[in-house]
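**Q** My structure is in input_35.cif, and what it holds is mmCIF, C-alpha atoms:
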data_my_file
loop_
_atom_site.group_PDB
_atom_site.id
_atom_site.type_symbol
_atom_site.label_atom_id
_atom_site.label_comp_id
_atom_site.auth_asym_id
_atom_site.auth_seq_id
_atom_site.Cartn_x
_atom_site.Cartn_y
_atom_site.Cartn_z
ATOM 1 C CA GLY A 48 103.157 207.866 66.207
ATOM 2 C CA ILE A 49 102.171 204.813 64.284
ATOM 3 C CA ALA A 50 104.668 201.970 64.525
ATOM 4 C CA MET A 51 104.521 200.289 61.165
ATOM 5 C CA ALA A 52 106.507 197.174 60.604
ATOM 6 C CA GLY A 53 106.512 194.990 57.576
ATOM 7 C CA SER A 54 107.866 191.555 56.945
ATOM 8 C CA GLN A 55 110.322 191.928 54.112
ATOM 9 C CA ASN A 56 111.902 189.731 51.560
ATOM 10 C CA TYR A 57 115.651 189.347 52.205
ATOM 11 C CA SER A 58 116.361 190.885 48.808
ATOM 12 C CA ALA A 59 114.670 194.115 49.987
ATOM 13 C CA LEU A 60 117.515 194.683 52.465
ATOM 14 C CA PRO A 61 120.040 197.346 51.441
ATOM 15 C CA LYS A 62 122.979 195.850 49.512
ATOM 16 C CA GLU A 63 125.472 196.705 52.288
ATOM 17 C CA ALA A 64 123.381 194.688 54.782
ATOM 18 C CA ARG A 65 123.147 191.684 52.451
ATOM 19 C CA ASN A 66 126.910 191.842 51.818
ATOM 20 C CA PHE A 67 127.579 191.872 55.585
ATOM 21 C CA ILE A 68 125.382 188.806 56.160
ATOM 22 C CA GLU A 69 126.847 186.914 53.196
ATOM 23 C CA LYS A 70 130.415 187.698 54.259
ATOM 24 C CA HIS A 71 130.122 186.848 57.962
ATOM 25 C CA PHE A 72 127.276 184.345 58.119
ATOM 26 C CA LYS A 73 127.633 182.295 54.944
ATOM 27 C CA GLY A 74 125.293 179.320 55.043
ATOM 28 C CA GLN A 75 123.010 180.784 57.710
ATOM 29 C CA LYS A 76 119.364 181.123 56.766
ATOM 30 C CA VAL A 77 117.500 184.364 57.391
ATOM 31 C CA THR A 78 114.587 183.352 59.621
ATOM 32 C CA LYS A 79 113.150 186.850 60.030
ATOM 33 C CA CYS A 80 113.551 190.052 58.067
ATOM 34 C CA GLU A 81 111.435 193.037 59.049
ATOM 35 C CA GLN A 82 111.502 196.674 58.085
ATOM 36 C CA TYR A 83 110.493 199.289 60.651
ATOM 37 C CA PHE A 84 109.508 202.282 58.564
ATOM 38 C CA ALA A 85 109.082 204.751 61.433
ATOM 39 C CA LYS A 86 112.535 203.916 62.816
ATOM 40 C CA ASN A 87 114.253 203.644 59.418
ATOM 41 C CA LYS A 88 115.715 200.265 60.272
ATOM 42 C CA TYR A 89 115.698 196.613 59.352
ATOM 43 C CA GLU A 90 115.783 193.732 61.812
ATOM 44 C CA VAL A 91 117.187 190.402 60.682
ATOM 45 C CA GLU A 92 117.315 187.130 62.588
ATOM 46 C CA LEU A 93 119.540 184.289 61.418
ATOM 47 C CA SER A 94 119.064 180.547 61.911
ATOM 48 C CA ASN A 95 122.018 180.504 64.348
ATOM 49 C CA GLY A 96 120.127 182.927 66.621
ATOM 50 C CA ILE A 97 122.103 186.063 65.777
ATOM 51 C CA ASP A 98 119.982 189.237 65.621
ATOM 52 C CA ILE A 99 121.179 192.155 63.519
ATOM 53 C CA GLU A 100 119.658 195.610 63.127
ATOM 54 C CA PHE A 101 120.659 197.680 60.117
ATOM 55 C CA ASP A 102 119.888 201.307 59.342
ATOM 56 C CA ASN A 103 118.185 202.139 56.051
ATOM 57 C CA LYS A 104 121.601 202.363 54.342
ATOM 58 C CA GLY A 105 122.559 198.841 55.471
ATOM 59 C CA LYS A 106 124.991 199.806 58.244
ATOM 60 C CA VAL A 107 124.951 197.628 61.379
ATOM 61 C CA ILE A 108 123.418 199.516 64.314
ATOM 62 C CA GLU A 109 123.159 196.526 66.629
ATOM 63 C CA ILE A 110 124.247 192.908 66.563
ATOM 64 C CA ASP A 111 123.430 190.372 69.287
ATOM 65 C CA ALA A 112 124.603 186.811 69.786
ATOM 66 C CA PRO A 113 122.068 184.298 71.137
ATOM 67 C CA ASP A 114 122.027 183.587 74.896
ATOM 68 C CA ASN A 115 125.213 181.989 76.219
ATOM 69 C CA GLN A 116 127.052 182.621 72.956
ATOM 70 C CA CYS A 117 129.441 185.281 71.705
ATOM 71 C CA LEU A 118 130.112 186.991 68.404
ATOM 72 C CA SER A 119 133.179 185.908 66.454
ATOM 73 C CA PRO A 120 136.195 188.248 66.618
ATOM 74 C CA GLN A 121 135.906 188.682 62.817
ATOM 75 C CA VAL A 122 132.366 190.027 63.144
ATOM 76 C CA VAL A 123 133.366 192.286 66.049
ATOM 77 C CA LYS A 124 136.297 193.621 64.013
ATOM 78 C CA SER A 125 134.046 194.373 61.035
ATOM 79 C CA VAL A 126 131.596 196.541 63.027
ATOM 80 C CA LEU A 127 133.909 198.308 65.486
ATOM 81 C CA HIS A 128 136.374 201.128 64.917
ATOM 82 C CA GLY A 129 139.931 199.738 64.807
ATOM 83 C CA SER A 130 141.037 201.319 68.084
ATOM 84 C CA ALA A 131 137.973 199.976 69.941
ATOM 85 C CA TYR A 132 138.738 196.505 68.573
ATOM 86 C CA LYS A 133 142.379 196.827 69.681
ATOM 87 C CA ARG A 134 141.297 197.819 73.212
ATOM 88 C CA LEU A 135 139.114 194.707 73.503
ATOM 89 C CA GLU A 136 141.940 192.601 72.084
ATOM 90 C CA ARG A 137 144.464 194.084 74.537
ATOM 91 C CA ASP A 138 142.109 193.429 77.463
ATOM 92 C CA GLY A 139 141.584 189.811 76.334
ATOM 93 C CA MET A 140 137.861 190.359 75.696
ATOM 94 C CA LEU A 141 137.488 189.463 71.997
ATOM 95 C CA GLY A 142 136.055 186.034 72.755
ATOM 96 C CA ASN A 143 133.492 187.510 75.186
ATOM 97 C CA VAL A 144 131.519 189.950 73.021
ATOM 98 C CA GLU A 145 127.770 189.270 73.251
ATOM 99 C CA SER A 146 126.559 192.391 71.477
ATOM 100 C CA VAL A 147 127.614 195.648 69.863
ATOM 101 C CA GLU A 148 125.160 198.546 69.809
ATOM 102 C CA PHE A 149 125.507 201.981 68.255
ATOM 103 C CA ASP A 150 123.391 204.475 70.177
ATOM 104 C CA LYS A 151 120.502 206.306 68.539
ATOM 105 C CA ARG A 152 122.476 209.477 67.861
ATOM 106 C CA GLY A 153 125.429 207.549 66.495
ATOM 107 C CA LYS A 154 127.851 209.033 69.027
ATOM 108 C CA LEU A 155 128.518 206.063 71.308
ATOM 109 C CA VAL A 156 129.157 202.360 70.903
ATOM 110 C CA GLU A 157 128.341 199.902 73.686
ATOM 111 C CA VAL A 158 129.989 196.488 73.698
ATOM 112 C CA ASP A 159 128.361 193.986 76.078
ATOM 113 C CA LEU A 160 130.560 191.176 77.350
ATOM 114 C CA SER A 161 129.867 187.770 78.878
ATOM 115 C CA ILE A 162 131.884 188.440 82.034
ATOM 116 C CA GLN A 163 131.077 189.034 85.711
ATOM 117 C CA GLY A 164 131.035 192.541 87.130
ATOM 118 C CA PRO A 165 131.141 195.633 84.928
ATOM 119 C CA ASP A 166 130.448 194.093 81.536
ATOM 120 C CA THR A 167 129.911 196.953 79.088
ATOM 121 C CA TYR A 168 132.714 198.782 77.305
ATOM 122 C CA VAL A 169 131.683 202.205 76.022
ATOM 123 C CA PHE A 170 133.526 203.886 73.135
ATOM 124 C CA ASP A 171 132.880 207.036 71.144
ATOM 125 C CA ILE A 172 132.168 206.650 67.436
ATOM 126 C CA ASP A 173 135.878 207.152 66.641
ATOM 127 C CA GLY A 174 136.835 204.161 68.797
ATOM 128 C CA ASN A 175 138.114 206.140 71.787
ATOM 129 C CA PHE A 176 137.557 204.310 75.066
ATOM 130 C CA ILE A 177 135.174 206.151 77.432
ATOM 131 C CA ALA A 178 134.236 203.797 80.262
ATOM 132 C CA ILE A 179 133.410 200.333 81.524
ATOM 133 C CA SER A 180 129.944 200.201 83.039
ATOM 134 C CA ASP A 181 127.357 197.767 84.363
#
Starting from the file, lay out its structure as structure tokens.

**A**
Amino acid sequence: GIAMAGSQNYSALPKEARNFIEKHFKGQKVTKCEQYFAKNKYEVELSNGIDIEFDNKGKVIEIDAPDNQCLSPQVVKSVLHGSAYKRLERDGMLGNVESVEFDKRGKLVEVDLSIQGPDTYVFDIDGNFIAISD
């Protein structure tokens, strides 16, 4: 199909997305804000290098830290189910989260870490731990 994308004004983002950015990234400028109509999503890039994808309701579907950086534990806590967050905390991984991605069907959550070896924690949408993979 046709992949239409449009550069959007920040104010065109769903309110939930704007609230998330203002809460967790106060003072960061939005350097890119695009709407992908065919995929029903918004892609936002912040001046600190963080990339965030939101669905058309403003829910985070992916958040990536820039290279060689990690997401703050507060941000990780706000996007993950409580039990998934607790598992990362228990395993001492909260300071190593590079990205959180909700799969296309909304059933799985992948958390990529800045560690050697298997570096992806996989949870179901309810925060239940499934696996650690490469």

**Q** Once you count only C-alpha atoms, which residues end up no further than 8 Å from (121.9, 191.6, 69.5) in the file's frame, shown as a PyMOL selection string?

**A** chain A and resi 97-100+109-113+145-148

**Q** Out of A:Glu90, A:Asp173, A:Asp114, A:Glu136, which residue has the shortest atom-to-atom distance to Asp102 (chain A) when counting only C-alpha atoms?

**A**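 Between A:Glu90, A:Asp173, A:Asp114, A:Glu136, the residue approaching Asp102 (chain A) most closely is A:Glu90.
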
**Q** One decimal, Å: what's the distance from CA of His128 (chain A) over to CA of Phe176 (chain A), could you say?

**A**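 Distance reported for this atom pair: 10.7 Å.
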
**Q** Between CA of Glu157 (chain A) and CA of Lys88 (chain A), what is the distance, to one decimal in Å?

**A** 18.4 Å

**Q** Please determine, counting all atoms listed in the file, which residue among A:Gly74, A:Gly129, A:Gln121, A:Leu155 has the shortest atom-to-atom distance to Gly142 (chain A).

**A** A:Gln121

**Q** So which one's closest to Lys73 (chain A), A:Asn95, A:Asn175, A:Ser130, A:Gln116? Using only C-alpha atoms, please.

**A** A:Asn95

**Q** Within 9 Å of region 60-68 of chain A, which residues of region 86-117 of chain A show up? Give each one with its shortest atom-to-atom distance in Å (one decimal) and the two atoms involved, counting all atoms listed in the file, rows by chain then rising residue number, as CSV.

**A**
residue,atom,partner,partner_atom,distance
A:Tyr89,CA,A:Leu60,CA,7.4
A:Phe101,CA,A:Ala64,CA,6.7
A:Asp102,CA,A:Ala64,CA,8.8
A:Asn103,CA,A:Pro61,CA,6.9
A:Lys104,CA,A:Pro61,CA,6.0
A:Gly105,CA,A:Ala64,CA,4.3
A:Lys106,CA,A:Ala64,CA,6.4
A:Val107,CA,A:Ala64,CA,7.4

**Q** In Å to one decimal, how far is CA of Leu160 (chain A) from CA of Met140 (chain A)?

**A**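 Separation between CA of Met140 (chain A) and CA of Leu160 (chain A): 7.5 Å.
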
**Q** Can you tell me, as a list in words, what residues are no more than 9 Å from Ser119 (chain A) when counting only C-alpha atoms, ignoring any on the same chain fewer than 6 positions away?

**A**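 That gives Leu141, Gly142, Asn143 and Val144 of chain A.
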
**Q** Looking at all atoms listed in the file, which of A:Gln75, A:Leu118, A:Val91, A:Ala85 is the one that sits closest to Asn56 (chain A)?

**A** A:Val91

**Q** Looking at A:Gly174, A:Thr167, A:Ser161, A:Ser58, which one is nearest to Lys133 (chain A), with distances taken over all atoms listed in the file?

**A**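 For Lys133 (chain A), the nearest of the candidates is A:Gly174.
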
**Q** Determine, counting all atoms listed in the file, which protein, DNA and RNA residues have an atom within 9 Å of an atom of Asp166 (chain A); residues of the same chain fewer than 5 positions away are not included. Present the result as a ChimeraX atom specification.

**A** /A:158-161,179-181

**Q** Between A:Ser125, A:Gln163, A:Thr78, A:Asn115, which has the minimum distance to Glu92 (chain A) (counting all atoms listed in the file)?

**A**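 Among A:Ser125, A:Gln163, A:Thr78, A:Asn115, it is A:Thr78 that comes nearest to Glu92 (chain A).
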